[in-house]
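Participant: What follows is run_39.cif, made up of mmCIF, C-alpha atoms:
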data_final
#
loop_
_atom_site.group_PDB
_atom_site.id
_atom_site.type_symbol
_atom_site.label_atom_id
_atom_site.label_comp_id
_atom_site.auth_asym_id
_atom_site.auth_seq_id
_atom_site.Cartn_x
_atom_site.Cartn_y
_atom_site.Cartn_z
ATOM 1 C CA MET A 1 0.000 0.000 0.000
ATOM 2 C CA MET A 2 1.055 3.558 -0.552
ATOM 3 C CA ARG A 3 3.120 4.940 2.285
ATOM 4 C CA ASN A 4 3.963 8.539 2.886
ATOM 5 C CA LEU A 5 7.574 8.175 1.906
ATOM 6 C CA PHE A 6 8.979 11.637 2.497
ATOM 7 C CA PHE A 7 9.636 10.945 6.124
ATOM 8 C CA ILE A 8 7.849 7.826 7.125
ATOM 9 C CA LEU A 9 10.787 6.455 8.969
ATOM 10 C CA LEU A 10 10.995 3.477 11.242
ATOM 11 C CA LEU A 11 12.666 3.627 14.625
ATOM 12 C CA ALA A 12 14.844 0.588 13.968
ATOM 13 C CA ALA A 13 17.910 2.241 12.517
ATOM 14 C CA PRO A 14 20.956 0.017 12.988
ATOM 15 C CA GLY A 15 22.517 0.967 9.649
ATOM 16 C CA CYS A 16 22.510 4.715 10.229
ATOM 17 C CA LEU A 17 25.738 6.634 10.030
ATOM 18 C CA PRO A 18 26.633 9.638 12.213
ATOM 19 C CA ALA A 19 27.226 13.288 11.452
ATOM 20 C CA GLN A 20 24.874 15.173 9.193
ATOM 21 C CA PRO A 21 24.072 18.901 9.528
ATOM 22 C CA ALA A 22 22.582 19.570 12.968
ATOM 23 C CA ASN A 23 19.900 22.136 12.114
ATOM 24 C CA VAL A 24 17.766 19.779 10.008
ATOM 25 C CA ALA A 25 16.002 18.138 12.957
ATOM 26 C CA ALA A 26 15.287 21.495 14.577
ATOM 27 C CA MET A 27 13.713 22.829 11.362
ATOM 28 C CA PHE A 28 11.447 19.799 11.042
ATOM 29 C CA SER A 29 10.190 19.900 14.599
ATOM 30 C CA LYS A 30 9.504 23.629 14.456
ATOM 31 C CA HIS A 31 7.715 23.836 11.111
ATOM 32 C CA MET A 32 6.231 20.404 10.415
ATOM 33 C CA ALA A 33 4.308 19.763 13.621
ATOM 34 C CA GLY A 34 0.531 19.997 13.372
ATOM 35 C CA ALA A 35 -2.257 19.224 10.954
ATOM 36 C CA TRP A 36 -1.895 19.187 7.160
ATOM 37 C CA VAL A 37 -4.403 18.558 4.326
ATOM 38 C CA GLY A 38 -3.744 18.076 0.632
ATOM 39 C CA THR A 39 -3.114 15.635 -2.167
ATOM 40 C CA LEU A 40 -0.768 12.831 -3.085
ATOM 41 C CA THR A 41 0.051 12.360 -6.748
ATOM 42 C CA TYR A 42 1.984 9.204 -7.498
ATOM 43 C CA THR A 43 3.251 7.345 -10.530
ATOM 44 C CA ASP A 44 1.355 4.070 -10.712
ATOM 45 C CA TYR A 45 3.612 1.081 -10.039
ATOM 46 C CA GLN A 46 1.648 -0.996 -12.575
ATOM 47 C CA ASP A 47 2.736 0.964 -15.660
ATOM 48 C CA SER A 48 5.144 3.698 -14.376
ATOM 49 C CA THR A 49 3.507 6.308 -16.638
ATOM 50 C CA ARG A 50 0.002 6.824 -15.260
ATOM 51 C CA GLU A 51 -0.334 9.386 -12.470
ATOM 52 C CA VAL A 52 -2.913 8.941 -9.727
ATOM 53 C CA THR A 53 -4.039 11.698 -7.341
ATOM 54 C CA MET A 54 -5.794 11.153 -4.036
ATOM 55 C CA ARG A 55 -6.796 13.238 -1.045
ATOM 56 C CA VAL A 56 -4.668 12.937 2.075
ATOM 57 C CA HIS A 57 -4.404 14.516 5.482
ATOM 58 C CA ASN A 58 -2.086 13.967 8.371
ATOM 59 C CA LEU A 59 -1.166 15.048 11.850
ATOM 60 C CA ILE A 60 2.509 15.303 12.762
ATOM 61 C CA SER A 61 3.496 15.429 16.410
ATOM 62 C CA PHE A 62 6.865 15.515 18.133
ATOM 63 C CA SER A 63 8.046 14.112 21.424
ATOM 64 C CA GLY A 64 11.669 15.079 21.852
ATOM 65 C CA ASN A 65 13.524 13.861 18.782
ATOM 66 C CA ILE A 66 10.785 11.469 17.657
ATOM 67 C CA ALA A 67 8.154 12.543 15.151
ATOM 68 C CA THR A 68 4.954 10.570 14.738
ATOM 69 C CA GLU A 69 2.744 10.962 11.699
ATOM 70 C CA ARG A 70 -0.832 9.735 11.566
ATOM 71 C CA PHE A 71 -2.276 9.946 8.069
ATOM 72 C CA CYS A 72 -5.433 9.149 6.145
ATOM 73 C CA TYR A 73 -6.073 8.854 2.431
ATOM 74 C CA THR A 74 -8.948 8.241 0.061
ATOM 75 C CA GLU A 75 -8.215 6.239 -3.094
ATOM 76 C CA PRO A 76 -9.597 7.703 -6.341
ATOM 77 C CA GLY A 77 -13.188 6.578 -6.894
ATOM 78 C CA ASP A 78 -13.386 5.307 -3.317
ATOM 79 C CA ILE A 79 -15.684 6.805 -0.713
ATOM 80 C CA VAL A 80 -13.911 5.117 2.184
ATOM 81 C CA GLU A 81 -11.229 7.012 4.032
ATOM 82 C CA HIS A 82 -8.340 4.756 5.065
ATOM 83 C CA CYS A 83 -6.877 5.711 8.448
ATOM 84 C CA GLU A 84 -6.397 2.459 10.354
ATOM 85 C CA ASN A 85 -2.810 1.451 11.035
ATOM 86 C CA ASN A 86 -1.521 4.491 9.147
ATOM 87 C CA ARG A 87 0.955 5.639 11.739
ATOM 88 C CA ASP A 88 4.638 6.087 11.149
ATOM 89 C CA THR A 89 7.595 7.376 13.086
ATOM 90 C CA VAL A 90 10.757 9.234 12.180
ATOM 91 C CA MET A 91 13.800 9.624 14.353
ATOM 92 C CA LEU A 92 15.342 13.078 13.982
ATOM 93 C CA LEU A 93 18.620 13.172 15.842
ATOM 94 C CA PRO A 94 20.417 16.350 16.919
ATOM 95 C CA ASP A 95 23.365 15.525 14.637
ATOM 96 C CA GLY A 96 21.006 15.559 11.648
ATOM 97 C CA ARG A 97 20.740 11.828 10.917
ATOM 98 C CA PHE A 98 17.690 10.555 9.078
ATOM 99 C CA CYS A 99 16.972 6.844 9.128
ATOM 100 C CA TYR A 100 14.497 5.015 6.901
ATOM 101 C CA ASP A 101 14.053 1.255 7.039
ATOM 102 C CA GLY A 102 17.317 1.079 8.966
ATOM 103 C CA SER A 103 19.214 2.886 6.200
ATOM 104 C CA ASP A 104 21.087 6.145 6.392
ATOM 105 C CA TRP A 105 19.788 9.059 4.328
ATOM 106 C CA LYS A 106 22.439 11.569 3.344
ATOM 107 C CA VAL A 107 21.426 15.200 3.745
ATOM 108 C CA ALA A 108 22.586 16.321 0.293
ATOM 109 C CA GLU A 109 21.318 19.883 0.559
ATOM 110 C CA GLN A 110 19.539 22.179 2.973
ATOM 111 C CA LYS A 111 18.536 25.759 2.376
ATOM 112 C CA GLN A 112 16.670 28.414 4.261
ATOM 113 C CA LYS A 113 15.116 31.535 2.741
ATOM 114 C CA GLY A 114 13.115 33.549 5.237
ATOM 115 C CA ARG A 115 10.625 31.126 6.780
ATOM 116 C CA SER A 116 10.972 28.599 3.948
ATOM 117 C CA TYR A 117 13.166 25.509 4.313
ATOM 118 C CA ARG A 118 14.240 22.931 1.768
ATOM 119 C CA VAL A 119 16.036 19.691 2.511
ATOM 120 C CA VAL A 120 17.191 17.117 -0.040
ATOM 121 C CA LEU A 121 17.782 13.577 1.224
ATOM 122 C CA GLU A 122 19.467 10.885 -0.896
ATOM 123 C CA ARG A 123 20.349 7.216 -0.689
ATOM 124 C CA TRP A 124 20.608 4.000 -2.676
ATOM 125 C CA GLY A 125 17.744 1.600 -2.073
ATOM 126 C CA MET A 126 14.963 -0.381 -3.686
ATOM 127 C CA ASP A 127 11.933 0.953 -5.556
ATOM 128 C CA ASP A 128 9.466 -1.286 -7.357
ATOM 129 C CA GLU A 129 11.773 -4.196 -6.458
ATOM 130 C CA ARG A 130 14.658 -2.632 -8.415
ATOM 131 C CA GLU A 131 17.877 -1.039 -7.202
ATOM 132 C CA ALA A 132 17.637 2.729 -7.434
ATOM 133 C CA PHE A 133 19.114 6.037 -6.343
ATOM 134 C CA ILE A 134 16.334 7.750 -4.378
ATOM 135 C CA ARG A 135 16.025 11.473 -3.747
ATOM 136 C CA LYS A 136 13.464 13.106 -1.456
ATOM 137 C CA THR A 137 13.030 16.861 -1.530
ATOM 138 C CA ILE A 138 11.116 18.353 1.385
ATOM 139 C CA THR A 139 9.993 21.987 1.305
ATOM 140 C CA VAL A 140 8.212 23.458 4.305
ATOM 141 C CA THR A 141 6.905 26.897 5.245
ATOM 142 C CA PRO A 142 4.534 27.765 8.098
ATOM 143 C CA THR A 143 1.566 27.043 5.772
ATOM 144 C CA VAL A 144 2.815 24.740 2.964
ATOM 145 C CA LEU A 145 4.513 21.332 2.999
ATOM 146 C CA ILE A 146 5.645 19.698 -0.255
ATOM 147 C CA THR A 147 7.575 16.464 -0.525
ATOM 148 C CA LYS A 148 8.759 14.901 -3.735
ATOM 149 C CA LYS A 149 10.309 11.459 -4.197
ATOM 150 C CA GLU A 150 12.404 10.973 -7.338
ATOM 151 C CA VAL A 151 13.823 7.634 -8.428
ATOM 152 C CA GLN A 152 16.703 6.877 -10.770
ATOM 153 C CA PHE A 153 16.866 3.161 -11.502
ATOM 154 C CA LYS A 154 20.334 1.642 -11.665
ATOM 155 C CA GLY A 155 21.736 1.905 -15.196
ATOM 156 C CA ARG A 156 19.372 4.718 -16.204
ATOM 157 C CA ALA A 157 20.246 8.400 -16.599
ATOM 158 C CA ASP A 158 16.759 9.784 -16.042
ATOM 159 C CA PHE A 159 14.776 10.232 -12.831
ATOM 160 C CA ILE A 160 11.063 9.580 -12.536
ATOM 161 C CA ILE A 161 8.898 11.388 -10.007
ATOM 162 C CA ARG A 162 7.489 8.553 -7.916
ATOM 163 C CA ASN A 163 5.250 10.731 -5.746
ATOM 164 C CA THR A 164 4.546 14.271 -4.636
ATOM 165 C CA TYR A 165 2.636 15.288 -1.525
ATOM 166 C CA ARG A 166 1.229 18.819 -1.488
ATOM 167 C CA TYR A 167 -0.144 19.912 1.876
ATOM 168 C CA VAL A 168 -1.474 23.134 3.328
ATOM 169 C CA ARG A 169 -2.558 23.968 6.848
ATOM 170 C CA PRO A 170 -6.286 23.479 7.526
ATOM 171 C CA VAL A 171 -8.440 26.622 7.547
ATOM 172 C CA LYS A 172 -8.869 26.383 11.329
ATOM 173 C CA GLU A 173 -5.941 25.381 13.523
ATOM 174 C CA GLY A 174 -6.275 21.775 14.651
ATOM 175 C CA GLU A 175 -9.081 21.010 12.167
ATOM 176 C CA VAL A 176 -8.577 17.830 10.203
ATOM 177 C CA PRO A 177 -11.321 17.083 7.662
ATOM 178 C CA THR A 178 -13.175 13.789 7.467
ATOM 179 C CA TRP A 179 -13.659 13.709 3.710
#
Step by step, read the file and then write its structure as structure tokens.
Facilitator:
Amino acid sequence: MMRNLFFILLLAAPGCLPAQPANVAAMFSKHMAGAWVGTLTYTDYQDSTREVTMRVHNLISFSGNIATERFCYTEPGDIVEHCENNRDTVMLLPDGRFCYDGSDWKVAEQKQKGRSYRVVLERWGMDDEREAFIRKTITVTPTVLITKKEVQFKGRADFIIRNTYRYVRPVKEGEVPTW
């Protein structure tokens, strides 16, 4: 099933390496906490050319250096909102490490412009059961959160956009719709 891949990270992180930029975790905890609503557009795994868009919303909370995301989605053409068991955790360490499925994500780039932050994470891994170089770009402001996952399969020069989440803050603070 689709998983929010921009920072759906598991706590088990034995393969993580130390020493990434320290301000990444602080930026995430300050600007990402709270409710978000929006869309997920993903490249269908069945044919890798068809794009599918669905409604999503989530709630991101922090307890120290641990972020928990609870999210819901509605598949296209479906009237049922899927929320059960959609809870994921990311470990954001003060030294800037990001761990996903026990793998280290390199912080390739981080930029700040005013109250806008952009972080690019990269690693080798698997996508669609194939070895790939994976890049996740996360852009966050006080009111907008965009994450994009790009995949470059081994032996290929081009990247495909696997998925893009586009969130905004709900109209009323703390309000999460029940589509």
Participant: If I take atom CA of A:Val168 and atom CA of A:Ile60, how far is one from the other in Å, to one decimal?
Facilitator: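 Calculated distance between atom CA of A:Val168 and atom CA of A:Ile60 is 12.9 Å.
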Participant: Name the closest residue to A:Trp124 among the candidates A:Met32, A:Val56, A:Val144, A:Val151; distances are taken between atoms, counting only C-alpha atoms.
Facilitator: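 Of all the options, A:Val151 lies closest to A:Trp124.
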Participant: Where does the PyMOL selection byres ((chain A and resi 37-42) around 10) land in this file, that is, which residues does it pick, as a PyMOL selection string?
Facilitator: chain A and resi 2+4+35-36+43-45+48-59+71-75+144-149+161-171+175-177
Participant: In Å, how far is it from atom CA of A:Arg70 to atom CA of A:Gly34?
Facilitator: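 Result for atom CA of A:Arg70 versus atom CA of A:Gly34: 10.5 Å, one decimal.
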Participant: From the list A:Ala157, A:Thr137, A:Gly64, A:Glu131, which residue is nearest A:Trp105 when using only C-alpha atoms?
Facilitator: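 For A:Trp105, the nearest of the given residues is A:Thr137.
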Participant: Please determine, counting all atoms listed in the file, which residue among A:Met91, A:Arg118, A:Phe159, A:Gln112 has the shortest atom-to-atom distance to A:Ile134.
Facilitator: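 Of A:Met91, A:Arg118, A:Phe159, A:Gln112, the one nearest A:Ile134 is A:Phe159, counting all atoms listed in the file.
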Participant: Enter the distance from atom CA of A:Gln152 to atom CA of A:Arg130, in Å, rounded to one decimal.
Facilitator: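 Straight-line distance from atom CA of A:Gln152 to atom CA of A:Arg130 works out to 10.0 Å.
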Participant: Can you list, as an mmCIF file with C-alpha atoms, in the coordinates of the input, every protein, DNA or RNA residue that comes within 6 Å of A:Tyr117 when you count all atoms listed in the file, leaving out same-chain residues fewer than 2 positions away?
Facilitator:
data_model
loop_
_atom_site.group_PDB
_atom_site.id
_atom_site.type_symbol
_atom_site.label_atom_id
_atom_site.label_comp_id
_atom_site.auth_asym_id
_atom_site.auth_seq_id
_atom_site.Cartn_x
_atom_site.Cartn_y
_atom_site.Cartn_z
ATOM 1 C CA LYS A 111 18.536 25.759 2.376
ATOM 2 C CA GLN A 112 16.670 28.414 4.261
ATOM 3 C CA THR A 139 9.993 21.987 1.305
ATOM 4 C CA VAL A 140 8.212 23.458 4.305
#
Participant: What's the 8 Å shell around A:Glu122, counting all atoms listed in the file, without same-chain residues fewer than 2 positions away, as a ChimeraX atom specification?
Facilitator: /A:105-108,120,124,133-136
Participant: Taking all atoms listed in the file into account, which of A:Ser61, A:Ser116, A:Asn85, A:Thr68 comes nearest A:Ala33?
Facilitator: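 The answer is A:Ser61, which sits nearest to A:Ala33.
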Participant: With distances taken over all atoms listed in the file, which of A:Pro76, A:Arg115, A:Thr143, A:Phe153 is nearest to A:Glu129?
Facilitator: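 Checking each candidate against A:Glu129, we get A:Phe153 as the closest.
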